[in-house]
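Participant: Structure: coords.cif, mmCIF, C-alpha atoms.
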data_coords
loop_
_atom_site.label_atom_id
_atom_site.label_comp_id
_atom_site.auth_asym_id
_atom_site.auth_seq_id
_atom_site.Cartn_x
_atom_site.Cartn_y
_atom_site.Cartn_z
CA MET A 1 57.93 9.74 44.78
CA ASP A 2 56.32 10.69 41.47
CA ASP A 3 53.67 8.01 41.48
CA LEU A 4 50.85 10.33 40.45
CA THR A 5 49.23 9.49 37.13
CA CYS A 6 47.88 12.09 34.71
CA ALA A 7 44.34 10.86 35.42
CA GLU A 8 44.90 11.49 39.14
CA LEU A 9 46.50 14.87 38.59
CA VAL A 10 43.55 16.29 36.66
CA GLU A 11 41.23 15.32 39.53
CA GLN A 12 43.43 17.19 42.04
CA ILE A 13 43.76 20.31 39.96
CA THR A 14 40.98 22.32 41.61
CA ALA A 15 42.18 21.46 45.10
CA TYR A 16 45.70 22.45 43.98
CA LEU A 17 44.56 25.78 42.53
CA GLU A 18 42.37 26.47 45.56
CA GLY A 19 45.39 25.92 47.81
CA VAL A 20 43.85 23.14 49.88
CA LEU A 21 46.00 20.24 48.73
CA PRO A 22 48.13 18.86 51.61
CA PRO A 23 51.85 19.77 51.26
CA GLU A 24 52.96 16.22 50.41
CA ASP A 25 50.35 16.08 47.63
CA VAL A 26 51.46 19.48 46.35
CA ALA A 27 55.00 18.12 46.09
CA ARG A 28 53.82 15.07 44.12
CA PHE A 29 51.61 17.28 41.94
CA ARG A 30 54.50 19.59 41.08
CA ALA A 31 56.96 16.74 40.56
CA HIS A 32 54.61 15.16 38.03
CA LEU A 33 54.04 18.48 36.31
CA THR A 34 57.74 19.14 35.71
CA SER A 35 58.09 15.85 33.87
CA CYS A 36 54.77 15.76 31.96
CA ASP A 37 54.11 18.09 29.03
CA GLY A 38 50.54 16.78 28.77
CA CYS A 39 49.60 17.78 32.31
CA GLU A 40 51.45 21.05 31.94
CA ALA A 41 49.31 21.77 28.87
CA TYR A 42 46.16 20.78 30.77
CA LEU A 43 46.97 23.12 33.67
CA ASP A 44 47.73 25.87 31.18
CA GLN A 45 44.29 25.31 29.60
CA VAL A 46 42.63 25.69 32.99
CA HIS A 47 44.53 28.93 33.60
CA SER A 48 43.47 30.25 30.18
CA MET A 49 39.86 29.32 30.94
CA LEU A 50 39.99 31.14 34.27
CA ARG A 51 41.43 34.24 32.59
CA ALA A 52 38.56 34.16 30.08
CA LEU A 53 35.96 33.85 32.85
CA ARG A 54 37.50 36.67 34.87
CA GLY A 55 37.60 38.82 31.76
CA THR A 56 33.88 38.52 31.16
CA PRO A 57 32.35 42.01 31.28
CA ASP A 58 30.07 42.77 34.24
CA GLU A 59 26.32 42.52 33.79
CA GLU A 60 24.39 45.78 34.07
CA LEU A 61 20.79 46.53 34.94
CA THR A 62 18.74 48.34 32.34
CA PRO A 63 18.22 52.05 33.16
CA ASP A 64 14.51 51.31 33.67
CA THR A 65 15.18 48.71 36.34
CA GLU A 66 17.72 50.92 38.08
CA ALA A 67 15.24 53.81 38.04
CA ALA A 68 12.55 51.57 39.52
CA ILE A 69 14.89 50.44 42.30
CA VAL A 70 15.89 54.04 43.10
CA GLY A 71 12.18 54.97 43.05
CA ALA A 72 11.50 52.27 45.63
CA PHE A 73 14.34 53.68 47.74
CA ARG A 74 12.84 57.18 47.65
CA GLN A 75 9.49 55.91 48.84
CA TRP A 76 11.17 53.84 51.51
CA SER A 77 13.32 56.72 52.79
CA LEU A 78 10.21 58.94 52.98
CA GLY A 79 8.68 56.30 55.16
CA GLY A 80 6.21 55.33 52.46
CA THR A 81 4.91 51.81 52.51
CA SER A 82 3.34 51.45 49.06
CA GLU A 83 6.34 49.70 47.49
CA ALA A 84 9.04 49.28 50.06
CA MET X 1 30.33 47.66 54.38
CA THR X 2 28.93 48.99 57.64
CA GLU X 3 29.23 52.47 56.14
CA ASP X 4 27.13 51.31 53.19
CA ILE X 5 24.42 50.11 55.50
CA ASP X 6 24.59 53.26 57.64
CA ALA X 7 24.28 55.47 54.54
CA LEU X 8 21.35 53.40 53.35
CA ARG X 9 19.60 53.64 56.70
CA ALA X 10 20.21 57.41 56.66
CA GLY X 11 18.46 57.69 53.29
CA ASP X 12 21.57 58.65 51.29
CA GLU X 13 20.36 58.13 47.71
CA GLN X 14 23.78 58.49 46.11
CA ALA X 15 25.20 55.85 48.42
CA PHE X 16 22.26 53.60 47.61
CA ARG X 17 22.77 54.01 43.86
CA GLU X 18 26.43 53.06 44.27
CA LEU X 19 25.42 50.02 46.28
CA VAL X 20 22.96 48.94 43.57
CA ARG X 21 25.63 49.37 40.89
CA ALA X 22 28.30 47.61 42.91
CA HIS X 23 26.10 44.54 43.24
CA GLN X 24 24.22 44.59 39.93
CA SER X 25 26.48 42.14 38.12
CA VAL X 26 26.51 39.42 40.75
CA LEU X 27 22.80 39.78 41.48
CA LEU X 28 21.86 39.58 37.81
CA ARG X 29 24.09 36.55 37.27
CA LEU X 30 22.63 34.82 40.32
CA ALA X 31 19.10 35.65 39.21
CA MET X 32 19.83 34.26 35.75
CA VAL X 33 20.57 30.88 37.33
CA TYR X 34 16.85 30.60 38.06
CA ALA X 35 15.15 33.04 35.71
CA PRO X 36 13.77 31.94 32.33
CA SER X 37 14.71 35.28 30.78
CA ARG X 38 16.79 38.38 31.29
CA ALA X 39 13.61 40.39 31.91
CA VAL X 40 12.59 38.11 34.78
CA ALA X 41 16.13 38.32 36.19
CA GLU X 42 15.83 42.12 36.26
CA GLU X 43 12.50 41.81 38.09
CA ILE X 44 14.10 39.49 40.64
CA VAL X 45 16.90 42.00 41.29
CA GLN X 46 14.31 44.76 41.71
CA GLU X 47 12.28 42.64 44.10
CA THR X 48 15.47 41.84 46.00
CA TRP X 49 16.32 45.50 46.63
CA ILE X 50 12.79 46.17 47.88
CA ALA X 51 13.18 43.22 50.26
CA VAL X 52 16.62 44.53 51.32
CA LEU X 53 15.12 47.93 52.19
CA ARG X 54 12.32 46.30 54.16
CA GLY X 55 14.73 44.07 56.00
CA VAL X 56 17.71 46.38 56.44
CA ASP X 57 17.18 46.73 60.18
CA GLY X 58 17.53 42.97 60.46
CA PHE X 59 21.04 42.97 58.94
CA ASP X 60 23.27 41.98 61.82
CA GLY X 61 26.64 42.01 60.06
CA ARG X 62 27.33 38.33 60.72
CA ALA X 63 27.39 37.64 56.99
CA SER X 64 29.00 40.09 54.58
CA LEU X 65 26.53 42.54 53.07
CA ARG X 66 26.79 40.96 49.63
CA THR X 67 26.22 37.49 51.06
CA TRP X 68 23.16 38.74 52.92
CA ILE X 69 21.71 40.48 49.86
CA SER X 70 22.52 37.51 47.64
CA ARG X 71 20.78 35.15 50.04
CA ILE X 72 17.65 37.29 49.83
CA LEU X 73 17.87 37.19 46.05
CA VAL X 74 18.34 33.43 45.89
CA ASN X 75 15.30 32.93 48.12
CA ILE X 76 13.19 35.19 45.94
CA ALA X 77 14.47 33.60 42.74
CA ARG X 78 13.84 30.07 44.01
CA ARG X 79 10.35 30.98 45.15
CA ARG X 80 9.55 32.46 41.75
CA ALA X 81 11.05 29.47 40.00
CA GLY X 82 8.68 27.29 42.00
CA GLN X 83 5.78 29.48 40.96
CA GLU X 84 6.81 29.46 37.34
CA ALA X 85 7.91 25.85 37.28
CA GLN X 86 6.76 25.22 33.74
CA THR X 87 9.41 27.60 32.45
CA ILE X 88 12.24 26.40 34.68
CA PRO X 89 14.32 23.37 33.81
CA LEU X 90 15.40 22.79 37.42
CA SER X 91 13.73 24.11 40.53
CA VAL X 92 16.02 22.77 43.20
CA LEU X 93 19.61 23.59 43.92
CA GLY X 94 20.71 19.93 44.16
CA GLY X 95 22.63 18.75 41.20
CA ASP X 96 25.72 16.70 41.58
CA ASP X 97 26.03 14.39 38.69
CA ASP X 98 27.92 11.19 38.17
CA GLU X 99 29.72 12.15 35.00
CA PRO X 100 33.48 11.81 35.22
CA THR X 101 35.16 15.21 35.17
CA ILE X 102 37.24 14.10 32.22
CA ASP X 103 36.60 11.29 29.77
CA PRO X 104 38.47 8.16 31.03
CA ASP X 105 39.25 7.32 27.39
CA ARG X 106 41.68 10.22 27.43
CA PHE X 107 43.99 8.07 29.54
CA GLN X 108 45.68 4.79 28.75
CA SER X 109 43.85 1.95 30.41
CA HIS X 110 46.76 -0.48 30.65
CA GLY X 111 50.45 -0.94 29.98
CA PRO X 112 53.43 0.87 31.50
CA TYR X 113 51.74 4.24 30.94
CA ALA X 114 48.35 3.33 32.40
CA GLY X 115 46.66 6.45 33.72
CA HIS X 116 48.72 8.69 31.44
CA TRP X 117 47.46 10.67 28.47
CA VAL X 118 46.67 8.81 25.28
CA LYS X 119 47.17 12.11 23.48
CA PHE X 120 48.38 15.28 25.18
CA PRO X 121 45.92 18.15 25.57
CA ASP X 122 46.51 20.94 23.05
CA ASP X 123 49.14 23.47 23.95
CA TRP X 124 47.09 26.64 23.77
CA SER X 125 50.19 28.80 23.99
CA ARG X 126 50.67 27.85 20.31
CA LEU X 127 47.45 29.66 19.42
CA PRO X 128 47.64 33.19 18.06
CA GLU X 129 47.09 35.47 21.06
CA ASP X 130 43.92 37.07 19.70
CA VAL X 131 42.13 33.69 19.57
CA LEU X 132 42.30 33.26 23.34
CA LEU X 133 41.28 36.86 23.99
CA ALA X 134 38.39 36.85 21.50
CA SER X 135 34.86 37.25 22.78
CA GLU X 136 33.92 33.90 21.16
CA ILE X 137 35.89 32.19 23.93
CA ARG X 138 33.79 33.93 26.58
CA HIS X 139 30.60 33.18 24.67
CA THR X 140 31.55 29.52 24.46
CA ALA X 141 32.27 29.48 28.21
CA THR X 142 29.10 31.31 29.22
CA SER X 143 26.85 29.15 27.07
CA VAL X 144 28.21 26.01 28.77
CA ILE X 145 27.78 27.64 32.17
CA GLU X 146 24.12 28.29 31.34
CA GLN X 147 23.60 24.55 30.93
CA LEU X 148 25.15 23.54 34.26
CA SER X 149 23.06 22.49 37.24
CA PRO X 150 22.04 25.48 39.38
CA ALA X 151 24.54 24.47 42.07
CA GLN X 152 27.50 24.12 39.71
CA ARG X 153 26.52 27.27 37.87
CA THR X 154 26.19 29.32 41.05
CA VAL X 155 29.59 28.21 42.29
CA ILE X 156 31.54 28.87 39.08
CA VAL X 157 29.81 32.22 38.53
CA LEU X 158 30.62 33.42 42.04
CA ARG X 159 34.12 31.96 42.31
CA ASP X 160 35.48 32.47 38.79
CA MET X 161 33.48 35.33 37.32
CA GLU X 162 32.70 37.40 40.40
CA GLY X 163 35.78 36.52 42.45
CA TRP X 164 34.01 35.49 45.66
CA SER X 165 35.90 33.52 48.28
CA SER X 166 34.93 29.90 48.71
CA ALA X 167 33.95 30.67 52.32
CA GLU X 168 31.37 33.23 51.17
CA ILE X 169 29.96 30.80 48.62
CA CYS X 170 29.61 28.09 51.27
CA GLN X 171 27.82 30.57 53.51
CA LEU X 172 25.43 31.64 50.76
CA LEU X 173 24.55 28.13 49.64
CA ASP X 174 24.85 26.55 53.08
CA ILE X 175 27.15 23.82 51.81
CA THR X 176 30.49 22.46 53.02
CA ASP X 177 33.82 23.55 51.65
CA VAL X 178 34.35 20.07 50.17
CA HIS X 179 30.97 20.06 48.43
CA GLN X 180 31.63 23.54 47.07
CA ARG X 181 34.96 22.40 45.63
CA VAL X 182 33.42 19.32 44.00
CA LEU X 183 30.85 21.57 42.31
CA LEU X 184 33.58 23.99 41.21
CA HIS X 185 35.78 21.16 39.93
CA ARG X 186 33.01 19.66 37.80
CA ALA X 187 31.90 23.03 36.49
CA ARG X 188 35.45 24.02 35.53
CA ALA X 189 36.07 20.66 33.86
CA LYS X 190 33.00 21.11 31.65
CA VAL X 191 33.92 24.64 30.67
CA ARG X 192 37.50 23.64 29.87
CA HIS X 193 36.18 20.76 27.79
CA ALA X 194 33.91 23.06 25.79
CA LEU X 195 36.80 25.43 25.13
CA GLU X 196 38.95 22.51 24.03
CA ASP X 197 36.24 21.46 21.54
CA TYR X 198 36.01 25.02 20.26
CA LEU X 199 39.76 25.60 20.02
CA GLY X 200 40.81 22.17 18.73
CA PRO X 201 40.06 22.90 15.06
CA ARG X 202 41.76 26.29 15.44
CA MET X 203 45.10 24.86 16.56
CA PRO X 204 47.91 25.59 14.11
CA PRO X 205 49.40 22.41 12.63
CA GLU X 206 52.36 20.88 14.45
CA GLU X 207 55.64 21.85 12.88
CA PRO X 208 57.21 18.95 11.00
CA GLY X 209 59.89 17.27 13.04
CA SER X 210 58.58 18.61 16.33
CA GLN X 211 58.57 16.30 19.28
CA ALA X 212 55.82 13.68 19.05
CA ARG X 213 52.96 14.57 21.39
CA GLU X 214 51.67 11.06 21.80
CA PHE X 215 52.91 8.23 23.90
CA ALA X 216 54.09 5.28 21.84
CA PRO X 217 51.73 2.36 22.32
CA PRO X 218 53.18 -0.11 24.79
CA THR X 219 55.29 -2.70 22.98
CA PRO X 220 54.03 -6.25 23.42
#
Could you express the structure from this file as structure tokens?

Facilitator:
Amino acid sequence: MDDLTCAELVEQITAYLEGVLPPEDVARFRAHLTSCDGCEAYLDQVHSMLRALRGTPDEELTPDTEAAIVGAFRQWSLGGTSEA
Amino acid sequence: MTEDIDALRAGDEQAFRELVRAHQSVLLRLAMVYAPSRAVAEEIVQETWIAVLRGVDGFDGRASLRTWISRILVNIARRRAGQEAQTIPLSVLGGDDDEPTIDPDRFQSHGPYAGHWVKFPDDWSRLPEDVLLASEIRHTATSVIEQLSPAQRTVIVLRDMEGWSSAEICQLLDITDVHQRVLLHRARAKVRHALEDYLGPRMPPEEPGSQAREFAPPTP
């Protein structure tokens, strides 16, 4: 049943992680993984990469931009039409 | 979400500020896909909120609020990119490429192990923990992401940095689930590859006598 090659596994990895691989393909994927240290290492690399991306700090507006946006809101809520 | 919109319509400034802060990261990252500089990205976000206020009565709740706001931003950013085309490397979303997601030379081309690794990928669990957590890793990842096509970049930013669902991303970009996943797959493969290049020279040497990590060449 384990007729998946490493080259095929790496192409299925996103579908596997996204949970859209059909059940029979998931079984083949996992069977290959348990017997292949190389693919296990590859999957582990992808997990490490995803952790790094998720750990990237949020971007923040400069105080000037935020103040300008809030200023536009004030004009808008007063019914002004000059900006908003 | 509906409460956010109701507060906004009622002129609740505190609620509006919170809304702006809640969405600042994703909007800036999306704007940066198209903007030639951080300053222009900030302008695009500002323009987006003005457009949101003007159009708030048209929000019908069919899309999530963040999808709706993001769609407004993408339209503004694309329009500006068209206007400032000389400073923009790519003006259309398009952008599938034909590159393989992983170099075919990494796999054996023939023999009993055809399709299997020539050399196993590095086992990053052997790295000292602080290497993987260091900000250099994130810098390496984000600088590759900046070079991706707008479509690949948008998908990986939303899915893997901002935690959007794939359904929301498809709705924002008006693409199919399959197309979205192809973009994500290619983007992730490139980022992983860049991290591998960065981390390779930092791998501790294999301990002597440890299990060989290469397949033996097929015997004739």

Participant: Expanded to explicit residues, what is the PyMOL selection byres ((chain X and resi 54) around 12) for this file, as a PDB file with C-alpha atoms, in the coordinates of the input?

Facilitator:
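To be explicit, this is the file written out as out-v6.pdb:
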ATOM      1  CA  ALA A  72      11.500  52.270  45.630  1.00  0.00           C
ATOM      2  CA  PHE A  73      14.340  53.680  47.740  1.00  0.00           C
ATOM      3  CA  GLN A  75       9.490  55.910  48.840  1.00  0.00           C
ATOM      4  CA  TRP A  76      11.170  53.840  51.510  1.00  0.00           C
ATOM      5  CA  SER A  77      13.320  56.720  52.790  1.00  0.00           C
ATOM      6  CA  GLY A  79       8.680  56.300  55.160  1.00  0.00           C
ATOM      7  CA  GLY A  80       6.210  55.330  52.460  1.00  0.00           C
ATOM      8  CA  THR A  81       4.910  51.810  52.510  1.00  0.00           C
ATOM      9  CA  SER A  82       3.340  51.450  49.060  1.00  0.00           C
ATOM     10  CA  GLU A  83       6.340  49.700  47.490  1.00  0.00           C
ATOM     11  CA  ALA A  84       9.040  49.280  50.060  1.00  0.00           C
TER      12      ALA A  84
ATOM     13  CA  LEU X   8      21.350  53.400  53.350  1.00  0.00           C
ATOM     14  CA  ARG X   9      19.600  53.640  56.700  1.00  0.00           C
ATOM     15  CA  GLU X  47      12.280  42.640  44.100  1.00  0.00           C
ATOM     16  CA  THR X  48      15.470  41.840  46.000  1.00  0.00           C
ATOM     17  CA  TRP X  49      16.320  45.500  46.630  1.00  0.00           C
ATOM     18  CA  ILE X  50      12.790  46.170  47.880  1.00  0.00           C
ATOM     19  CA  ALA X  51      13.180  43.220  50.260  1.00  0.00           C
ATOM     20  CA  VAL X  52      16.620  44.530  51.320  1.00  0.00           C
ATOM     21  CA  LEU X  53      15.120  47.930  52.190  1.00  0.00           C
ATOM     22  CA  GLY X  55      14.730  44.070  56.000  1.00  0.00           C
ATOM     23  CA  VAL X  56      17.710  46.380  56.440  1.00  0.00           C
ATOM     24  CA  ASP X  57      17.180  46.730  60.180  1.00  0.00           C
ATOM     25  CA  GLY X  58      17.530  42.970  60.460  1.00  0.00           C
ATOM     26  CA  PHE X  59      21.040  42.970  58.940  1.00  0.00           C
ATOM     27  CA  ILE X  69      21.710  40.480  49.860  1.00  0.00           C
ATOM     28  CA  ILE X  72      17.650  37.290  49.830  1.00  0.00           C
TER      29      ILE X  72
END

Participant: With the file shown as input, list the residues that the PyMOL selection byres ((chain X and resi 194) around 12) selects, as a list in words.

Facilitator: Gln45, Val46 and Met49 of chain A; Ile102, Glu136, Ile137, Arg138, His139, Thr140, Ala141, Thr142, Ser143, Val144, Ile145, Gln147, Ala187, Arg188, Ala189, Lys190, Val191, Arg192, His193, Leu195, Glu196, Asp197, Tyr198, Leu199 and Gly200 of chain X

Participant: Go ahead and dump the residues you just picked, C-alpha atoms, as an mmCIF file, keeping the file's coordinate frame.

Facilitator:
data_model
loop_
_atom_site.group_PDB
_atom_site.id
_atom_site.type_symbol
_atom_site.label_atom_id
_atom_site.label_comp_id
_atom_site.auth_asym_id
_atom_site.auth_seq_id
_atom_site.Cartn_x
_atom_site.Cartn_y
_atom_site.Cartn_z
ATOM 1 C CA GLN A 45 44.290 25.310 29.600
ATOM 2 C CA VAL A 46 42.630 25.690 32.990
ATOM 3 C CA MET A 49 39.860 29.320 30.940
ATOM 4 C CA ILE X 102 37.240 14.100 32.220
ATOM 5 C CA GLU X 136 33.920 33.900 21.160
ATOM 6 C CA ILE X 137 35.890 32.190 23.930
ATOM 7 C CA ARG X 138 33.790 33.930 26.580
ATOM 8 C CA HIS X 139 30.600 33.180 24.670
ATOM 9 C CA THR X 140 31.550 29.520 24.460
ATOM 10 C CA ALA X 141 32.270 29.480 28.210
ATOM 11 C CA THR X 142 29.100 31.310 29.220
ATOM 12 C CA SER X 143 26.850 29.150 27.070
ATOM 13 C CA VAL X 144 28.210 26.010 28.770
ATOM 14 C CA ILE X 145 27.780 27.640 32.170
ATOM 15 C CA GLN X 147 23.600 24.550 30.930
ATOM 16 C CA ALA X 187 31.900 23.030 36.490
ATOM 17 C CA ARG X 188 35.450 24.020 35.530
ATOM 18 C CA ALA X 189 36.070 20.660 33.860
ATOM 19 C CA LYS X 190 33.000 21.110 31.650
ATOM 20 C CA VAL X 191 33.920 24.640 30.670
ATOM 21 C CA ARG X 192 37.500 23.640 29.870
ATOM 22 C CA HIS X 193 36.180 20.760 27.790
ATOM 23 C CA LEU X 195 36.800 25.430 25.130
ATOM 24 C CA GLU X 196 38.950 22.510 24.030
ATOM 25 C CA ASP X 197 36.240 21.460 21.540
ATOM 26 C CA TYR X 198 36.010 25.020 20.260
ATOM 27 C CA LEU X 199 39.760 25.600 20.020
ATOM 28 C CA GLY X 200 40.810 22.170 18.730
#

Participant: So, with all atoms listed in the file as the atoms that count, which of A:Leu53, A:Ala15, A:Ala41, A:Ala67 lies closest to Leu184 in chain X?

Facilitator: A:Ala15

Participant: CA of Glu60 in chain A to CA of Asp174 in chain X: how many Å, to one decimal?

Facilitator: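 Answer for the CA of Glu60 in chain A to CA of Asp174 in chain X separation: 27.0 Å.
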
Participant: Which residue is closest to chain A? Choose from X:His110, X:His185, X:Arg153, X:Arg126 and count only C-alpha atoms.

Facilitator: X:His185

Participant: Apply the PyMOL selection byres ((chain X and resi 43) around 10) to the file shown and report the selected residues as number ranges by chain.

Facilitator: A: 65, 68-69; X: 28, 31, 35, 38-42, 44-48, 77

Participant: May I have the residues from that selection written out with C-alpha atoms, as a PDB file, in the coordinates of the input?

Facilitator:
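Result file selection37.pdb:
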ATOM      1  CA  THR A  65      15.180  48.710  36.340  1.00  0.00           C
ATOM      2  CA  ALA A  68      12.550  51.570  39.520  1.00  0.00           C
ATOM      3  CA  ILE A  69      14.890  50.440  42.300  1.00  0.00           C
TER       4      ILE A  69
ATOM      5  CA  LEU X  28      21.860  39.580  37.810  1.00  0.00           C
ATOM      6  CA  ALA X  31      19.100  35.650  39.210  1.00  0.00           C
ATOM      7  CA  ALA X  35      15.150  33.040  35.710  1.00  0.00           C
ATOM      8  CA  ARG X  38      16.790  38.380  31.290  1.00  0.00           C
ATOM      9  CA  ALA X  39      13.610  40.390  31.910  1.00  0.00           C
ATOM     10  CA  VAL X  40      12.590  38.110  34.780  1.00  0.00           C
ATOM     11  CA  ALA X  41      16.130  38.320  36.190  1.00  0.00           C
ATOM     12  CA  GLU X  42      15.830  42.120  36.260  1.00  0.00           C
ATOM     13  CA  ILE X  44      14.100  39.490  40.640  1.00  0.00           C
ATOM     14  CA  VAL X  45      16.900  42.000  41.290  1.00  0.00           C
ATOM     15  CA  GLN X  46      14.310  44.760  41.710  1.00  0.00           C
ATOM     16  CA  GLU X  47      12.280  42.640  44.100  1.00  0.00           C
ATOM     17  CA  THR X  48      15.470  41.840  46.000  1.00  0.00           C
ATOM     18  CA  ALA X  77      14.470  33.600  42.740  1.00  0.00           C
TER      19      ALA X  77
END

Participant: What is the CA of Ser25 in chain X-CA of Leu61 in chain A distance in Å, reported with one decimal?

Facilitator: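 Value for the CA of Ser25 in chain X-CA of Leu61 in chain A distance: 7.9 Å.
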
Participant: Show me, as a PyMOL selection string, the residues that have an atom within 12 Å of Gln14 in chain X when counting all atoms listed in the file, minus same-chain residues fewer than 6 positions from it.

Facilitator: (chain A and resi 70+73-74) or (chain X and resi 4+7-8+20-21)

Participant: Just to confirm, what's the straight-line distance from CA of Arg51 in chain A to CA of Pro104 in chain X in Å (one decimal)?

Facilitator: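 According to the coordinates, CA of Arg51 in chain A and CA of Pro104 in chain X are separated by 26.3 Å.
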
Participant: With all atoms listed in the file as the atoms that count, which of X:Arg181, X:Arg186, X:Arg71, X:Arg78 lies nearest to Ser149 in chain X?

Facilitator: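 Result for the nearest residue to Ser149 in chain X: X:Arg186.
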
Participant: Would you kindly return, as a list in words, each protein, DNA or RNA residue with an atom no farther than 7 Å from any atom of Ala7 in chain A, considering only C-alpha atoms and excluding same-chain residues fewer than 4 positions away?

Facilitator: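 After dropping sequence-adjacent residues, the list is Glu11 of chain A; Phe107, Gly115 and His116 of chain X.
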
Participant: What would the list of residues within 12 Å of (42.7, 34.8, 31.3) (file frame) look like as a count of residues only, if all atoms listed in the file are what count?

Facilitator: 25

Participant: Pick the closest to chain X from A:Cys6, A:Leu78, A:Val26, A:Leu17: which is it, counting all atoms listed in the file?

Facilitator: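 Among the listed residues, the smallest separation from chain X belongs to A:Cys6.
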
Participant: As AutoDock Vina command-line options, what would the box around range 52-71 of chain A look like: edges along x, y and z, 8 Å added on every side, centre and edge lengths in Å to one decimal?

Facilitator:
--center_x 25.4 --center_y 44.4 --center_z 36.6 --size_x 42.4 --size_y 37.1 --size_z 29.0

Participant: Counting all atoms listed in the file, which of A:Cys36, A:Ala31, A:Leu43, A:Leu21 gets nearest to Val178 in chain X?

Facilitator: A:Leu21

Participant: Which residue out of X:Pro121, X:Pro36, X:Pro201, X:Gly111 has the minimum interatomic distance to chain A when only C-alpha atoms are used?

Facilitator: X:Pro121
